[in-house]
>>> print(open('run_29.txt').read())   # compact mmCIF, C-alpha atoms
# COMPACT_ATOMS: atom_id res chain seq x y z
CA VAL A 1 67.16 84.66 104.22
CA ASN A 2 63.95 83.60 102.45
CA VAL A 3 65.91 82.49 99.39
CA SER A 4 68.34 80.48 101.53
CA THR A 5 65.47 78.80 103.38
CA ALA A 6 63.77 77.91 100.10
CA ILE A 7 66.97 76.45 98.63
CA LYS A 8 67.61 74.35 101.73
CA ALA A 9 64.03 73.07 101.67
CA MET A 10 64.34 72.14 97.98
CA GLU A 11 67.68 70.49 98.65
CA SER A 12 66.23 68.36 101.44
CA TRP A 13 63.32 67.36 99.20
CA ALA A 14 65.70 66.35 96.39
CA LEU A 15 68.13 64.45 98.61
CA LEU A 16 65.36 62.36 100.13
CA ARG A 17 64.25 61.37 96.61
CA ASN A 18 67.71 60.49 95.26
CA LEU A 19 67.63 63.49 92.91
CA LEU A 20 70.90 64.94 94.22
CA PRO A 21 74.13 62.95 94.64
CA HIS A 22 75.16 65.01 97.68
CA ALA A 23 74.34 68.14 99.65
CA ILE A 24 74.98 71.43 97.86
CA THR A 25 74.56 74.02 100.61
CA VAL A 26 76.70 74.74 103.62
CA LYS A 27 75.74 75.34 107.22
CA ARG A 28 78.19 76.55 109.83
CA MET A 29 80.96 75.84 107.28
CA GLU A 30 80.04 72.14 107.09
CA LEU A 31 78.22 70.31 104.34
CA VAL A 32 74.60 69.78 105.21
CA GLY A 33 74.06 66.06 105.43
CA SER A 34 77.67 65.32 106.38
CA ASP A 35 78.09 62.59 108.95
CA GLY A 36 81.22 64.19 110.35
CA GLY A 37 81.73 64.00 114.06
CA TYR A 38 83.20 61.28 116.19
CA ASP A 39 81.52 61.53 119.59
CA PRO A 40 80.24 58.10 120.64
CA TRP A 41 76.62 57.61 121.64
CA THR A 42 75.78 56.55 125.17
CA ASP A 43 73.71 53.43 125.82
CA HIS A 44 70.80 55.66 126.81
CA GLN A 45 71.02 57.63 123.55
CA ILE A 46 71.11 54.43 121.52
CA GLU A 47 68.09 53.06 123.36
CA LEU A 48 66.24 56.33 122.79
CA ALA A 49 66.93 56.23 119.05
CA LEU A 50 65.98 52.56 118.70
CA ASN A 51 62.71 53.11 120.56
CA HIS A 52 61.60 56.26 118.75
CA ALA A 53 63.19 56.34 115.29
CA PRO A 54 61.33 54.77 112.34
CA PRO A 55 62.07 51.05 111.95
CA HIS A 56 64.23 51.49 108.85
CA LEU A 57 66.50 53.97 110.68
CA ALA A 58 66.58 51.77 113.76
CA ARG A 59 67.84 49.00 111.49
CA VAL A 60 70.63 51.30 110.27
CA ILE A 61 71.66 52.06 113.85
CA LYS A 62 71.71 48.39 114.83
CA LEU A 63 73.77 47.40 111.79
CA GLU A 64 76.27 50.21 112.32
CA ILE A 65 76.72 49.39 116.01
CA ASN A 66 77.20 45.68 115.35
CA THR A 67 79.67 46.08 112.48
CA GLY A 68 81.45 49.37 113.19
CA GLN A 69 81.27 50.30 109.52
CA ARG A 70 80.72 53.63 107.79
CA SER A 71 77.30 54.54 106.43
CA SER A 72 78.77 54.41 102.91
CA ASP A 73 79.40 50.68 103.46
CA ILE A 74 76.19 50.02 105.40
CA ILE A 75 73.97 51.11 102.51
CA ARG A 76 75.85 48.74 100.15
CA MET A 77 75.52 45.62 102.30
CA ARG A 78 73.60 42.78 100.67
CA TRP A 79 71.91 39.75 102.10
CA SER A 80 74.25 37.67 99.96
CA ASP A 81 77.17 39.16 101.96
CA LEU A 82 76.01 37.22 105.03
CA ASN A 83 78.02 34.09 105.61
CA GLU A 84 78.55 31.52 108.33
CA LYS A 85 82.06 30.54 109.33
CA LYS A 86 82.86 28.03 112.06
CA GLY A 87 79.19 28.07 112.99
CA ARG A 88 79.03 31.85 113.50
CA LEU A 89 77.02 34.17 111.26
CA GLY A 90 78.77 37.30 110.02
CA ILE A 91 79.08 39.59 107.04
CA ASN A 92 81.69 40.02 104.33
CA VAL A 93 82.63 43.64 103.74
CA VAL A 94 84.91 45.43 101.28
CA GLN A 95 85.27 48.92 102.65
CA ARG A 96 84.57 51.50 100.00
CA LYS A 97 87.00 54.07 101.39
CA THR A 98 89.97 51.81 102.12
CA GLY A 99 89.41 48.69 100.03
CA VAL A 100 89.98 46.58 103.16
CA GLN A 101 88.26 43.17 103.04
CA LEU A 102 86.69 41.94 106.26
CA PHE A 103 84.61 39.17 107.68
CA ILE A 104 82.79 40.63 110.69
CA PRO A 105 81.29 37.94 112.93
CA PHE A 106 78.09 38.84 114.76
CA TRP A 107 77.32 38.48 118.43
CA ASN A 108 74.78 35.71 118.95
CA ASP A 109 71.91 38.04 119.85
CA PHE A 110 72.36 40.18 116.75
CA ALA A 111 72.83 37.12 114.54
CA ALA A 112 69.40 35.91 115.68
CA GLU A 113 67.87 39.36 115.15
CA ILE A 114 69.20 40.03 111.66
CA SER A 115 68.20 36.52 110.57
CA ALA A 116 64.58 37.47 111.37
CA TRP A 117 64.62 40.74 109.40
CA GLU A 118 62.32 40.88 106.38
CA ARG A 119 64.19 40.68 103.09
CA GLN A 120 62.52 43.13 100.70
CA SER A 121 65.49 43.61 98.38
CA PRO A 122 68.98 42.27 97.70
CA LEU A 123 70.14 45.19 99.87
CA ILE A 124 69.80 44.95 103.65
CA ILE A 125 69.22 48.68 104.20
CA LEU A 126 66.31 50.47 102.52
CA ASP A 127 64.59 53.77 103.21
CA GLY A 128 61.07 54.17 104.56
CA ASN A 129 59.64 53.70 101.06
CA GLY A 130 61.53 50.48 100.45
CA LEU A 131 64.08 52.13 98.15
CA PRO A 132 67.89 51.96 98.31
CA TYR A 133 69.93 54.92 99.53
CA ALA A 134 71.83 56.23 96.52
CA THR A 135 74.39 57.97 98.73
CA ARG A 136 75.60 58.12 102.31
CA ASN A 137 74.68 61.81 102.32
CA ARG A 138 71.03 61.03 101.73
CA LEU A 139 70.97 58.64 104.66
CA SER A 140 72.73 61.21 106.86
CA MET A 141 70.31 63.91 105.75
CA GLU A 142 67.31 61.69 106.52
CA TRP A 143 68.65 60.92 110.00
CA THR A 144 69.32 64.62 110.63
CA LEU A 145 65.78 65.57 109.60
CA GLU A 146 64.28 62.81 111.76
CA ARG A 147 66.42 63.73 114.77
CA ASN A 148 65.50 67.41 114.50
CA ALA A 149 61.78 66.92 113.83
CA ASN A 150 60.93 64.03 116.15
CA PRO A 151 60.15 65.41 119.64
CA ALA A 152 61.16 62.13 121.28
CA LEU A 153 64.67 62.48 119.85
CA GLY A 154 65.20 65.95 121.32
CA PRO A 155 68.01 64.79 123.68
CA LEU A 156 70.06 63.78 120.61
CA ARG A 157 70.17 67.30 119.16
CA ASP A 158 72.59 69.15 121.42
CA PRO A 159 75.26 68.20 120.80
CA PRO A 160 73.89 66.59 117.63
CA LYS A 161 74.33 62.85 117.43
CA VAL A 162 75.37 61.79 113.92
CA LEU A 163 75.48 58.31 112.44
CA HIS A 164 79.25 58.33 112.12
CA GLY A 165 79.43 58.54 115.89
CA LEU A 166 78.15 54.96 116.00
CA ARG A 167 81.50 53.87 114.57
CA SER A 168 83.26 55.22 117.63
CA THR A 169 80.51 53.72 119.79
CA THR A 170 81.46 50.28 118.49
CA VAL A 171 85.08 50.85 119.44
CA VAL A 172 84.11 52.03 122.94
CA ARG A 173 81.93 48.96 123.49
CA LEU A 174 84.66 46.58 122.34
CA ARG A 175 87.24 48.35 124.46
CA LYS A 176 85.04 47.94 127.54
CA MET A 177 85.06 44.21 126.80
CA LYS A 178 88.85 44.36 127.27
CA LEU A 179 89.70 43.82 123.61
CA SER A 180 93.08 45.23 122.61
CA GLU A 181 93.50 48.02 120.08
CA GLY A 182 94.93 45.47 117.64
CA GLN A 183 91.96 43.14 118.05
CA ILE A 184 89.48 45.98 117.52
CA SER A 185 91.45 47.20 114.51
CA ASP A 186 91.28 43.76 112.87
CA LEU A 187 87.62 43.25 113.75
CA VAL A 188 86.20 46.49 112.31
CA GLY A 189 88.86 47.36 109.72
CA MET A 190 90.09 50.52 111.41
CA THR A 191 93.67 51.67 111.91
CA GLU A 192 95.09 51.25 115.40
CA PRO A 193 95.74 55.02 115.79
CA MET A 194 92.06 55.65 115.02
CA VAL A 195 90.98 52.94 117.45
CA ALA A 196 93.21 54.53 120.08
CA ARG A 197 91.63 57.91 119.38
CA TYR A 198 88.13 56.58 119.87
CA ALA A 199 89.04 54.47 122.91
CA ARG A 200 91.10 57.11 124.73
CA GLN A 201 88.24 58.46 126.84
CA THR A 202 87.14 54.96 127.83
CA ASP A 203 90.70 54.09 128.83
CA LYS A 204 90.91 57.25 130.96
CA GLU A 205 87.64 56.45 132.71
CA GLU A 206 88.80 52.89 133.40
CA ALA A 207 92.13 54.15 134.73
CA ASN A 208 90.45 56.66 137.02
CA ILE A 209 88.13 54.00 138.43
CA ASN A 210 91.12 51.73 139.07
CA THR A 211 92.96 54.57 140.77
CA VAL A 212 90.09 55.23 143.18
CA GLU A 213 89.63 51.51 143.92
CA GLN A 214 93.33 51.11 144.63
CA ALA A 215 93.29 54.11 146.95
CA GLU A 216 90.28 52.76 148.84
CA ASN A 217 91.91 49.37 149.26
>>> encode(input="run_29.txt", output="structure tokens")
Amino acid sequence: VNVSTAIKAMESWALLRNLLPHAITVKRMELVGSDGGYDPWTDHQIELALNHAPPHLARVIKLEINTGQRSSDIIRMRWSDLNEKKGRLGINVVQRKTGVQLFIPFWNDFAAEISAWERQSPLIILDGNGLPYATRNRLSMEWTLERNANPALGPLRDPPKVLHGLRSTTVVRLRKMKLSEGQISDLVGMTEPMVARYARQTDKEEANINTVEQAEN
């Protein structure tokens, strides 16, 4: 047990300093630092994280929610990827996993916010020391450590909220705005079956509300 604890501590130290390309230990049969998991975050959980996480992690959360992209693409986004089309600011993305090319337009409030962010590097996302994230795993590991160590983030631990869940959060938010699965698929570069998977619970909730309202009327 002592050896395992020491190895995990050394691994965490190395990942946070870009000395390991990925996690090397396993925990409950999953890679430590993996951002697996698809449960969306609630509005309250997002607000909690934005209010109590360090500013650089809050920036990650905001960018993921407003683009619906994977962490592996978030950490590669550059200020030069920002572009304005038809008077609306957005970002050009080439998804690392799929190769899909996207222009993701921003909502007006986020466009104003990101325009005011300090530009310390060609990359939009940097760690707390002003350095790039070499891998998605390092970002996921840093979020996991912050979530587990920060008392204010206690409600996000069980079940654990992972960054990849923000991708499904984006789908849920867009679905609540009455966008179709096809529209969401085109907007965030996700297959329609995956959009349907993420949106299923929202659709059920909406259907149940409609059922009750119809019965009452």
>>> residues_around(input="run_29.txt", residues="His52 (chain A)", least_positions_apart="6", cutoff="9 Å", atoms="all atoms listed in the file", output="list in words")
Ala58, Asn150, Ala152 and Leu153 of chain A
>>> residues_around(input="run_29.txt", residues="Pro54 (chain A)", least_positions_apart="6", cutoff="10 Å", atoms="all atoms listed in the file", output="list in words")
Asp127, Gly128, Trp143 and Glu146 of chain A
>>> atom_distance(input="run_29.txt", atom1="CA of Asp73 (chain A)", atom2="CA of Lys97 (chain A)")
8.6 Å
>>> residues_around(input="run_29.txt", residues="region 174-184 of chain A", least_positions_apart="6", cutoff="10 Å", atoms="all atoms listed in the file", output="list in words")
Gly68, Ser168, Met190, Thr191, Glu192, Pro193, Met194, Val195, Ala196, Tyr198, Ala199, Arg200, Thr202, Asp203 and Glu206 of chain A
>>> residues_around(input="run_29.txt", residues="Arg78 (chain A)", least_positions_apart="3", cutoff="10 Å", atoms="all atoms listed in the file", output="list in words")
Ile74, Ile75, Asp81, Leu82, Ile91, Asn92, Val93, Arg119, Ser121, Pro122, Leu123, Ile124 and Ile125 of chain A
>>> atom_distance(input="run_29.txt", atom1="CA of Gly189 (chain A)", atom2="CA of Leu50 (chain A)")
25.1 Å
>>> build_atoms(input="run_29.txt", residues="region 175-194 of chain A", atoms="N, CA, C and O atoms", output="PDB file, in the frame of the given file")
ATOM      1  N   ARG A 175      86.168  48.054 123.518  1.00  0.00           N
ATOM      2  CA  ARG A 175      87.240  48.350 124.460  1.00  0.00           C
ATOM      3  C   ARG A 175      86.812  48.007 125.890  1.00  0.00           C
ATOM      4  O   ARG A 175      87.609  47.513 126.686  1.00  0.00           O
ATOM      5  N   LYS A 176      85.549  48.265 126.207  1.00  0.00           N
ATOM      6  CA  LYS A 176      85.040  47.940 127.540  1.00  0.00           C
ATOM      7  C   LYS A 176      85.001  46.439 127.772  1.00  0.00           C
ATOM      8  O   LYS A 176      84.965  45.989 128.914  1.00  0.00           O
ATOM      9  N   MET A 177      85.003  45.666 126.690  1.00  0.00           N
ATOM     10  CA  MET A 177      85.060  44.210 126.800  1.00  0.00           C
ATOM     11  C   MET A 177      86.501  43.717 126.927  1.00  0.00           C
ATOM     12  O   MET A 177      86.755  42.515 126.839  1.00  0.00           O
ATOM     13  N   LYS A 178      87.433  44.664 127.059  1.00  0.00           N
ATOM     14  CA  LYS A 178      88.850  44.360 127.270  1.00  0.00           C
ATOM     15  C   LYS A 178      89.558  43.879 126.012  1.00  0.00           C
ATOM     16  O   LYS A 178      90.635  43.276 126.103  1.00  0.00           O
ATOM     17  N   LEU A 179      88.984  44.133 124.834  1.00  0.00           N
ATOM     18  CA  LEU A 179      89.700  43.820 123.610  1.00  0.00           C
ATOM     19  C   LEU A 179      90.835  44.815 123.415  1.00  0.00           C
ATOM     20  O   LEU A 179      90.701  45.992 123.761  1.00  0.00           O
ATOM     21  N   SER A 180      91.940  44.352 122.849  1.00  0.00           N
ATOM     22  CA  SER A 180      93.080  45.230 122.610  1.00  0.00           C
ATOM     23  C   SER A 180      92.827  46.117 121.394  1.00  0.00           C
ATOM     24  O   SER A 180      91.923  45.843 120.590  1.00  0.00           O
ATOM     25  N   GLU A 181      93.633  47.151 121.244  1.00  0.00           N
ATOM     26  CA  GLU A 181      93.500  48.020 120.080  1.00  0.00           C
ATOM     27  C   GLU A 181      93.729  47.240 118.796  1.00  0.00           C
ATOM     28  O   GLU A 181      93.061  47.469 117.781  1.00  0.00           O
ATOM     29  N   GLY A 182      94.677  46.288 118.822  1.00  0.00           N
ATOM     30  CA  GLY A 182      94.930  45.470 117.640  1.00  0.00           C
ATOM     31  C   GLY A 182      93.754  44.579 117.287  1.00  0.00           C
ATOM     32  O   GLY A 182      93.409  44.427 116.107  1.00  0.00           O
ATOM     33  N   GLN A 183      93.116  43.997 118.295  1.00  0.00           N
ATOM     34  CA  GLN A 183      91.960  43.140 118.050  1.00  0.00           C
ATOM     35  C   GLN A 183      90.798  43.942 117.466  1.00  0.00           C
ATOM     36  O   GLN A 183      90.126  43.501 116.529  1.00  0.00           O
ATOM     37  N   ILE A 184      90.567  45.123 118.022  1.00  0.00           N
ATOM     38  CA  ILE A 184      89.480  45.980 117.520  1.00  0.00           C
ATOM     39  C   ILE A 184      89.780  46.422 116.096  1.00  0.00           C
ATOM     40  O   ILE A 184      88.898  46.440 115.232  1.00  0.00           O
ATOM     41  N   SER A 185      91.033  46.774 115.845  1.00  0.00           N
ATOM     42  CA  SER A 185      91.450  47.200 114.510  1.00  0.00           C
ATOM     43  C   SER A 185      91.155  46.114 113.479  1.00  0.00           C
ATOM     44  O   SER A 185      90.595  46.383 112.404  1.00  0.00           O
ATOM     45  N   ASP A 186      91.512  44.875 113.798  1.00  0.00           N
ATOM     46  CA  ASP A 186      91.280  43.760 112.870  1.00  0.00           C
ATOM     47  C   ASP A 186      89.790  43.480 112.698  1.00  0.00           C
ATOM     48  O   ASP A 186      89.332  43.152 111.602  1.00  0.00           O
ATOM     49  N   LEU A 187      89.030  43.619 113.779  1.00  0.00           N
ATOM     50  CA  LEU A 187      87.620  43.250 113.750  1.00  0.00           C
ATOM     51  C   LEU A 187      86.788  44.209 112.908  1.00  0.00           C
ATOM     52  O   LEU A 187      85.903  43.774 112.158  1.00  0.00           O
ATOM     53  N   VAL A 188      87.044  45.510 113.020  1.00  0.00           N
ATOM     54  CA  VAL A 188      86.200  46.490 112.310  1.00  0.00           C
ATOM     55  C   VAL A 188      86.905  47.162 111.135  1.00  0.00           C
ATOM     56  O   VAL A 188      86.323  48.006 110.472  1.00  0.00           O
ATOM     57  N   GLY A 189      88.170  46.786 110.871  1.00  0.00           N
ATOM     58  CA  GLY A 189      88.860  47.360 109.720  1.00  0.00           C
ATOM     59  C   GLY A 189      89.219  48.812 109.903  1.00  0.00           C
ATOM     60  O   GLY A 189      89.042  49.628 108.995  1.00  0.00           O
ATOM     61  N   MET A 190      89.737  49.152 111.066  1.00  0.00           N
ATOM     62  CA  MET A 190      90.090  50.520 111.410  1.00  0.00           C
ATOM     63  C   MET A 190      91.562  50.540 111.831  1.00  0.00           C
ATOM     64  O   MET A 190      92.046  49.581 112.437  1.00  0.00           O
ATOM     65  N   THR A 191      92.275  51.607 111.516  1.00  0.00           N
ATOM     66  CA  THR A 191      93.670  51.670 111.910  1.00  0.00           C
ATOM     67  C   THR A 191      93.797  51.741 113.427  1.00  0.00           C
ATOM     68  O   THR A 191      92.911  52.259 114.111  1.00  0.00           O
ATOM     69  N   GLU A 192      94.892  51.229 113.948  1.00  0.00           N
ATOM     70  CA  GLU A 192      95.090  51.250 115.400  1.00  0.00           C
ATOM     71  C   GLU A 192      95.138  52.669 115.953  1.00  0.00           C
ATOM     72  O   GLU A 192      94.590  52.911 117.036  1.00  0.00           O
ATOM     73  N   PRO A 193      95.784  53.644 115.270  1.00  0.00           N
ATOM     74  CA  PRO A 193      95.740  55.020 115.790  1.00  0.00           C
ATOM     75  C   PRO A 193      94.317  55.562 115.906  1.00  0.00           C
ATOM     76  O   PRO A 193      93.989  56.269 116.853  1.00  0.00           O
ATOM     77  N   MET A 194      93.441  55.191 114.943  1.00  0.00           N
ATOM     78  CA  MET A 194      92.060  55.650 115.020  1.00  0.00           C
ATOM     79  C   MET A 194      91.323  54.949 116.150  1.00  0.00           C
ATOM     80  O   MET A 194      90.533  55.570 116.870  1.00  0.00           O
TER      81      MET A 194
END
